[in-house]
Amino acid sequence: MKVLVIGPGGREHAIIRALLRDPAVDEVHSAPGNAGIASDVSVHPVDASNPEAVTNLARKLAVGLVVVGPEAPLAAGVADALREAGIPVFGPSREAAQLEASKAFAKQIMAAANVPTAMARVATASAEAEEALDTFGAPYVVKDDGLAAGKGVVVTEDRAVALAHAQECFAAGGTVVIEEFLDGPEVSLFVLSDGRSVLPLAPAQDFKRIGDDDAGPNTGGMGAYSPLPWAPSNLVDEVISRVAQPTIDEMACRGTPFVGVLYCGLAMTSRGLRVIEFNARFGDPETQAVLARLRTPLGGLLLAAATGELDEAEQLHWSNRTAVAVVVASENYPDKPRVGNRISGLDDAEALEDVQVLHAGTALDDEGHVVSAGGRVLAVVALGDGLEEARELAYKGVNLIELAGSQHRIDIALKASRGMVHVPSASTRSVSLDAPVSLDASVPTGATVEGRLL
Ligand code: AMP
Ligand code: GLY
């Protein structure tokens with residue numbers, strides 16, 4: 001089978017490496033790719049968010065499967081165009097991708113499907129925003145309703161900062177979702193779906209903030225690890241039965257079946273499992289860690305999802321080793337990253353046993369040197385026997401890589417390796433979470449939606 005992978009990032013590089021390990025995949029192409037992807041497979045300079053251009057490329061290459069990585073092409077209808085052309089595609093339609101593209105839509109679906117999530121209000125003006133902030137109290141959570149690459153969310157104790165973020169979104173013509181703060185550790189669980197059946201991958205944890213100890217602003221993600229030694233053993237079953245299957249069923253029932261990966265961003269709170277957000281694609285950098293452990297051939301799985309045959313897929317096989325991914329980002333990320341700096345040491349890091357260097361924002365300069373070309377530049381992914389060993393190896397790789405001004409967190413998976421990640425117990429629950437709310441699945445402006453309480 002020939003496969004075309006759409007997207008330019010680290011997630012796509014991880015998907016491509018996994019596809020190359022699949023004996024049933026004999027050729028992989030990518031558009032537009034990056035410098036690392038280009039050294040593994042053929043890349044094509046096609047605009048990933050142009051449905052016609054991507055469809056023409058898939059036709060020209062005569063691929064048997066297209067995998068769409070990022071959210072922007074999905075929201076632009078790339079999967080719809082491919083499906084219309086009769087080309088098997090792993091990725092939801094534009095309508096189904098609304099689960100990620102609109103947080104308010106996701107809240108409606110969750111309310112209709114009884115999926116547990118944070119209580120929330122939609123606001124379009126300052127007065128509504130202030131009322132919502134005061135209803136939920138601190139810490140305040142204010143989210144831009146549209147796509148913002150993980151950077152549209154402000155979580156703060158400072159009411160003025162929360163309100164200022166809402167006002168910025170209004171000034172740009174947007175809407176915000178204001179919601180209750182969810183305590184407890186976060187989990188990312190990727191669930192493959194063919195529109196009806198679901199198949200979970202292994203859970204991972206992401207590190208969203210730029211700085212160690214979760215300091216500073218949110219980013220697209222600065223590192224990840226999998227599996228989660230601290231997670232309850234029924235976690236995946238619970239997410240499937242309470243979150244993923246009901247959501248997939250609700251989407252199918254509305255005539256907009258979700259085909260692709262439903263990324264369940266979850267908080268393990270003192271009141272039980274809650275959905276923080278859905279994404280309509282694989283997470284980055286969690287995918288880099290999760291796929292490093294997947295032993296089942298990926299191409300067959302994604303094709304089964306694309307063609308409605310996921311219920312026939314074999315049981316997944318995983319390495320029992322631990323994967324840790326550490327992201328190296330450009331100077332000044334996530335603000336305005338400095339790009340165009342040369343990167344060295346990539347081969348030395350990649351030469352370490354059980355280490356992969358997966359490229360994200362990289363390109364080649366005129367002389368053929370790899371240079372930084374984006375905020376998150378690459379991830380070093382290591383497999384080890386346990387978190388401590390995987391961490392040590394990943395950082396050994398990171399320390400071999402040189403990029404002027406680069407940043408990385410030094411505490412990826414550190415707390416988990418020390419047994420310091422805990423799901424809060426009900427006795428530590430915050431009183432403000434019990435604020436009474438009404439349930440309204442239509443989510444008009446100012447309405448409140450609520451996930452089912454446990
Ligand atoms: P989102 O774009 O919705 O995933 O939000 C980005 C990040 O903001 C999440 O991964 C969390 O770390 C944080 N966050 C979002 N919503 C909440 C919430 N209700 N309570 C606490 N933290 C949140
Ligand atoms: N790692 C977070 C995301 O992909 O949205």
# chains A, B, ... in the order shown; residues from 1 in each chain; ligands from 1

call {"tool": "closest_atom_pairs", "arguments": {"of": "chain A", "to": "ligand 1", "cutoff": "9 Å", "atoms": "only C-alpha atoms and all ligand atoms", "output": "tab-separated table"}}
result
residue	atom	partner	partner_atom_place_in_ligand_line	distance
A:Lys103	CA	ligand 1	3 (O)	7.7
A:Thr117	CA	ligand 1	19 (N)	8.3
A:Ala118	CA	ligand 1	19 (N)	5.7
A:Met119	CA	ligand 1	19 (N)	8.1
A:Ala120	CA	ligand 1	19 (N)	8.4
A:Pro139	CA	ligand 1	21 (C)	8.0
A:Tyr140	CA	ligand 1	20 (N)	8.1
A:Val141	CA	ligand 1	19 (N)	5.8
A:Val142	CA	ligand 1	16 (N)	7.8
A:Lys143	CA	ligand 1	3 (O)	6.8
A:Asp144	CA	ligand 1	2 (O)	8.5
A:Leu147	CA	ligand 1	2 (O)	8.6
A:Ala148	CA	ligand 1	2 (O)	7.7
A:Ala149	CA	ligand 1	2 (O)	7.6
A:Gly150	CA	ligand 1	2 (O)	4.6
A:Lys151	CA	ligand 1	2 (O)	6.8
A:Gly152	CA	ligand 1	2 (O)	6.6
A:Val153	CA	ligand 1	5 (O)	5.4
A:Val154	CA	ligand 1	8 (O)	6.8
A:Val155	CA	ligand 1	22 (N)	6.3
A:Ile178	CA	ligand 1	19 (N)	8.2
A:Glu179	CA	ligand 1	19 (N)	5.5
A:Glu180	CA	ligand 1	19 (N)	5.2
A:Phe181	CA	ligand 1	20 (N)	3.6
A:Leu182	CA	ligand 1	20 (N)	3.7
A:Asp183	CA	ligand 1	21 (C)	6.2
A:Gly184	CA	ligand 1	21 (C)	8.3
A:Pro185	CA	ligand 1	12 (O)	8.9
A:Glu186	CA	ligand 1	10 (O)	7.1
A:Val187	CA	ligand 1	10 (O)	8.9
A:Asp206	CA	ligand 1	10 (O)	7.9
A:Phe207	CA	ligand 1	12 (O)	8.0
A:Lys208	CA	ligand 1	10 (O)	6.1
A:Arg209	CA	ligand 1	12 (O)	7.8
A:Asn218	CA	ligand 1	7 (C)	6.7
A:Thr219	CA	ligand 1	6 (C)	8.3
A:Gly220	CA	ligand 1	6 (C)	8.5
A:Gly221	CA	ligand 1	10 (O)	8.8
A:Gly265	CA	ligand 1	4 (O)	6.5
A:Leu266	CA	ligand 1	10 (O)	8.2
A:Ala267	CA	ligand 1	21 (C)	7.8
A:Arg274	CA	ligand 1	19 (N)	9.0
A:Val275	CA	ligand 1	19 (N)	8.7
A:Ile276	CA	ligand 1	16 (N)	5.2
A:Glu277	CA	ligand 1	3 (O)	4.8
A:Phe278	CA	ligand 1	4 (O)	7.6
A:Asn279	CA	ligand 1	4 (O)	8.3

call {"tool": "residues_around", "arguments": {"residues": "Arg281 in chain A", "least_positions_apart": "4", "cutoff": "9 Å", "atoms": "only C-alpha atoms", "output": "PyMOL selection string"}}
result
chain A and resi 68-71+74+91-92+97+100+190+260-263

call {"tool": "residues_around", "arguments": {"residues": "Glu250 in chain A", "least_positions_apart": "4", "cutoff": "9 Å", "atoms": "only C-alpha atoms", "output": "list in words"}}
result
Ile109, Met110, Ala112, Ala113, Gln245, Pro246, Arg254, Gly255, Thr256 and Pro257 of chain A

call {"tool": "write_last_selection", "arguments": {"atoms": "N, CA and C atoms", "output": "short mmCIF file (atom, residue, chain, number, x, y, z; two decimals), in the first residue's frame"}}
result
data_model
loop_
_atom_site.label_atom_id
_atom_site.label_comp_id
_atom_site.auth_asym_id
_atom_site.auth_seq_id
_atom_site.Cartn_x
_atom_site.Cartn_y
_atom_site.Cartn_z
N ILE A 109 -22.27 18.63 21.98
CA ILE A 109 -22.25 17.17 21.75
C ILE A 109 -22.11 16.45 23.09
N MET A 110 -21.22 16.97 23.94
CA MET A 110 -21.02 16.30 25.23
C MET A 110 -22.29 16.34 26.07
N ALA A 112 -25.34 16.48 24.92
CA ALA A 112 -26.32 15.57 24.32
C ALA A 112 -25.98 14.11 24.58
N ALA A 113 -24.67 13.81 24.69
CA ALA A 113 -24.26 12.42 24.86
C ALA A 113 -23.96 12.07 26.31
N GLN A 245 -17.23 6.26 23.07
CA GLN A 245 -18.33 5.61 22.34
C GLN A 245 -19.58 6.49 22.30
N PRO A 246 -19.98 7.11 23.43
CA PRO A 246 -21.16 7.99 23.35
C PRO A 246 -20.96 9.17 22.38
N ARG A 254 -26.22 12.11 14.32
CA ARG A 254 -26.51 13.40 13.68
C ARG A 254 -26.21 13.40 12.18
N GLY A 255 -25.75 12.26 11.68
CA GLY A 255 -25.44 12.18 10.25
C GLY A 255 -24.08 12.75 9.90
N THR A 256 -23.23 12.95 10.92
CA THR A 256 -21.87 13.44 10.67
C THR A 256 -20.88 12.50 11.36
N PRO A 257 -20.79 11.26 10.84
CA PRO A 257 -19.92 10.27 11.52
C PRO A 257 -18.48 10.75 11.60
#

call {"tool": "select_by_dssp", "arguments": {"residues": "range 58-181 of chain A", "states": "strand (DSSP E)", "output": "list in words"}}
result
Leu65, Val66, Val67, Val68, Val89, Phe90, Ala120, Arg121, Val122, Ala123, Tyr140, Val141, Val142, Lys143, Asp144, Val153, Val154, Val155, Thr156, Val176, Val177, Ile178 and Glu179 of chain A

call {"tool": "write_last_selection", "arguments": {"atoms": "N, CA and C atoms", "output": "mmCIF file, in the first residue's frame"}}
result
data_model
loop_
_atom_site.group_PDB
_atom_site.id
_atom_site.type_symbol
_atom_site.label_atom_id
_atom_site.label_comp_id
_atom_site.auth_asym_id
_atom_site.auth_seq_id
_atom_site.Cartn_x
_atom_site.Cartn_y
_atom_site.Cartn_z
ATOM 1 N N LEU A 65 -4.234 5.257 0.683
ATOM 2 C CA LEU A 65 -4.695 5.844 1.946
ATOM 3 C C LEU A 65 -4.049 7.216 2.120
ATOM 4 N N VAL A 66 -4.857 8.187 2.581
ATOM 5 C CA VAL A 66 -4.315 9.494 2.971
ATOM 6 C C VAL A 66 -4.562 9.662 4.469
ATOM 7 N N VAL A 67 -3.526 10.067 5.191
ATOM 8 C CA VAL A 67 -3.650 10.336 6.624
ATOM 9 C C VAL A 67 -3.479 11.844 6.809
ATOM 10 N N VAL A 68 -4.516 12.487 7.362
ATOM 11 C CA VAL A 68 -4.435 13.939 7.556
ATOM 12 C C VAL A 68 -4.017 14.194 9.004
ATOM 13 N N VAL A 89 -9.519 7.873 3.348
ATOM 14 C CA VAL A 89 -8.838 8.925 4.115
ATOM 15 C C VAL A 89 -9.069 8.713 5.601
ATOM 16 N N PHE A 90 -7.975 8.830 6.347
ATOM 17 C CA PHE A 90 -8.049 8.778 7.804
ATOM 18 C C PHE A 90 -8.074 10.219 8.295
ATOM 19 N N ALA A 120 -19.694 25.041 31.774
ATOM 20 C CA ALA A 120 -19.176 26.104 30.919
ATOM 21 C C ALA A 120 -20.251 27.082 30.505
ATOM 22 N N ARG A 121 -19.809 28.262 30.151
ATOM 23 C CA ARG A 121 -20.709 29.255 29.557
ATOM 24 C C ARG A 121 -20.058 29.850 28.328
ATOM 25 N N VAL A 122 -20.879 30.158 27.355
ATOM 26 C CA VAL A 122 -20.389 30.814 26.148
ATOM 27 C C VAL A 122 -20.664 32.307 26.310
ATOM 28 N N ALA A 123 -19.679 33.163 26.004
ATOM 29 C CA ALA A 123 -19.895 34.612 26.118
ATOM 30 C C ALA A 123 -19.412 35.310 24.858
ATOM 31 N N TYR A 140 -9.591 30.978 37.091
ATOM 32 C CA TYR A 140 -10.438 31.264 35.938
ATOM 33 C C TYR A 140 -9.920 30.543 34.689
ATOM 34 N N VAL A 141 -10.852 30.025 33.887
ATOM 35 C CA VAL A 141 -10.468 29.347 32.637
ATOM 36 C C VAL A 141 -11.238 30.019 31.505
ATOM 37 N N VAL A 142 -10.503 30.669 30.591
ATOM 38 C CA VAL A 142 -11.129 31.390 29.472
ATOM 39 C C VAL A 142 -10.546 30.855 28.166
ATOM 40 N N LYS A 143 -11.449 30.387 27.282
ATOM 41 C CA LYS A 143 -10.986 29.766 26.031
ATOM 42 C C LYS A 143 -11.545 30.480 24.818
ATOM 43 N N ASP A 144 -10.662 30.788 23.893
ATOM 44 C CA ASP A 144 -11.081 31.266 22.579
ATOM 45 C C ASP A 144 -11.897 30.146 21.943
ATOM 46 N N VAL A 153 -6.088 29.404 25.286
ATOM 47 C CA VAL A 153 -6.662 29.166 26.612
ATOM 48 C C VAL A 153 -5.849 29.888 27.670
ATOM 49 N N VAL A 154 -6.548 30.628 28.538
ATOM 50 C CA VAL A 154 -5.853 31.253 29.661
ATOM 51 C C VAL A 154 -6.434 30.673 30.952
ATOM 52 N N VAL A 155 -5.543 30.165 31.795
ATOM 53 C CA VAL A 155 -5.939 29.660 33.111
ATOM 54 C C VAL A 155 -5.206 30.536 34.117
ATOM 55 N N THR A 156 -5.946 31.275 34.946
ATOM 56 C CA THR A 156 -5.280 32.248 35.816
ATOM 57 C C THR A 156 -6.069 32.479 37.107
ATOM 58 N N VAL A 176 -16.007 33.440 23.447
ATOM 59 C CA VAL A 176 -15.196 32.660 24.390
ATOM 60 C C VAL A 176 -16.068 31.659 25.133
ATOM 61 N N VAL A 177 -15.410 30.608 25.595
ATOM 62 C CA VAL A 177 -16.038 29.659 26.501
ATOM 63 C C VAL A 177 -15.344 29.840 27.843
ATOM 64 N N ILE A 178 -16.138 30.098 28.888
ATOM 65 C CA ILE A 178 -15.582 30.267 30.234
ATOM 66 C C ILE A 178 -16.054 29.080 31.054
ATOM 67 N N GLU A 179 -15.128 28.429 31.747
ATOM 68 C CA GLU A 179 -15.574 27.227 32.443
ATOM 69 C C GLU A 179 -14.967 27.044 33.809
#

call {"tool": "residues_around", "arguments": {"residues": "Leu301 in chain A", "least_positions_apart": "6", "cutoff": "9 Å", "atoms": "only C-alpha atoms", "output": "PyMOL selection string"}}
result
chain A and resi 192+310+313-314

call {"tool": "write_last_selection", "arguments": {"atoms": "C-alpha atoms", "output": "JSON list (two decimals), in the first residue's frame"}}
result
[["chain", "number", "residue", "atom", "x", "y", "z"],
["A", 192, "LEU", "CA", -9.41, 5.52, 16.57],
["A", 310, "LEU", "CA", -12.19, -1.18, 12.56],
["A", 313, "ALA", "CA", -8.89, -5.04, 13.53],
["A", 314, "GLU", "CA", -6.73, -7.33, 15.64]]

call {"tool": "closest_atom_pairs", "arguments": {"of": "range 177-224 of chain A", "to": "range 379-396 of chain A", "cutoff": "10 Å", "atoms": "only C-alpha atoms", "output": "CSV"}}
result
residue,atom,partner,partner_atom,distance
A:Met222,CA,A:Ala379,CA,8.6
A:Gly223,CA,A:Ala379,CA,7.7
A:Ala224,CA,A:Val381,CA,9.1

call {"tool": "write_last_selection", "arguments": {"atoms": "N, CA, C and O atoms", "output": "compact mmCIF listing (two decimals), in the first residue's frame"}}
result
# COMPACT_ATOMS: atom_id res chain seq x y z
N MET A 222 5.11 20.50 25.24
CA MET A 222 6.59 20.53 25.35
C MET A 222 7.20 19.16 25.66
O MET A 222 8.42 19.04 25.79
N GLY A 223 6.36 18.14 25.77
CA GLY A 223 6.90 16.81 26.04
C GLY A 223 5.77 15.88 26.38
O GLY A 223 4.63 16.31 26.58
N ALA A 224 6.06 14.58 26.42
CA ALA A 224 5.02 13.60 26.71
C ALA A 224 5.65 12.29 27.14
O ALA A 224 6.84 12.06 26.87

call {"tool": "closest_residue", "arguments": {"among": "A:Leu4, A:Met420, A:Val327, A:Ala129", "to": "ligand 2", "atoms": "only C-alpha atoms and all ligand atoms"}}
result
A:Val327

call {"tool": "select_by_dssp", "arguments": {"residues": "range 48-266 of chain A", "states": "alpha helix (DSSP H)", "output": "PyMOL selection string"}}
result
chain A and resi 51-61+71-75+78-84+98-101+103-112+126-136+159-171+235-239+245-253

call {"tool": "closest_residue", "arguments": {"among": "A:Val339, A:Ala360, A:Val328, A:Ala426", "to": "Glu402 in chain A", "atoms": "only C-alpha atoms"}}
result
A:Val328

call {"tool": "residues_around", "arguments": {"residues": "Pro337 in chain A", "least_positions_apart": "4", "cutoff": "8 Å", "atoms": "only C-alpha atoms", "output": "list in words"}}
result
Ser330, Glu331, Asn332, Tyr333, Gly374 and Gly375 of chain A

call {"tool": "residues_around", "arguments": {"residues": "Arg159 in chain A", "least_positions_apart": "5", "cutoff": "9 Å", "atoms": "only C-alpha atoms", "output": "MDAnalysis selection string"}}
result
chainID A and resid 130 133:134 137:140 164

call {"tool": "closest_residue", "arguments": {"among": "A:Lys336, A:Arg59, A:His165, A:Arg376", "to": "ligand 2", "atoms": "only C-alpha atoms and all ligand atoms"}}
result
A:Arg376

call {"tool": "atom_distance", "arguments": {"atom1": "CA of Ala81 in chain A", "atom2": "CA of Val54 in chain A"}}
result
8.6 Å

call {"tool": "closest_residue", "arguments": {"among": "A:Cys264, A:Leu303, A:Val41, A:Ala329", "to": "ligand 2", "atoms": "only C-alpha atoms and all ligand atoms"}}
result
A:Cys264

call {"tool": "closest_residue", "arguments": {"among": "A:Leu82, A:Ser406, A:Ala106, A:Thr287", "to": "ligand 2", "atoms": "only C-alpha atoms and all ligand atoms"}}
result
A:Thr287

call {"tool": "closest_residue", "arguments": {"among": "A:Gly36, A:Ala132, A:Ser49, A:Arg17", "to": "Asp347 in chain A", "atoms": "only C-alpha atoms"}}
result
A:Gly36
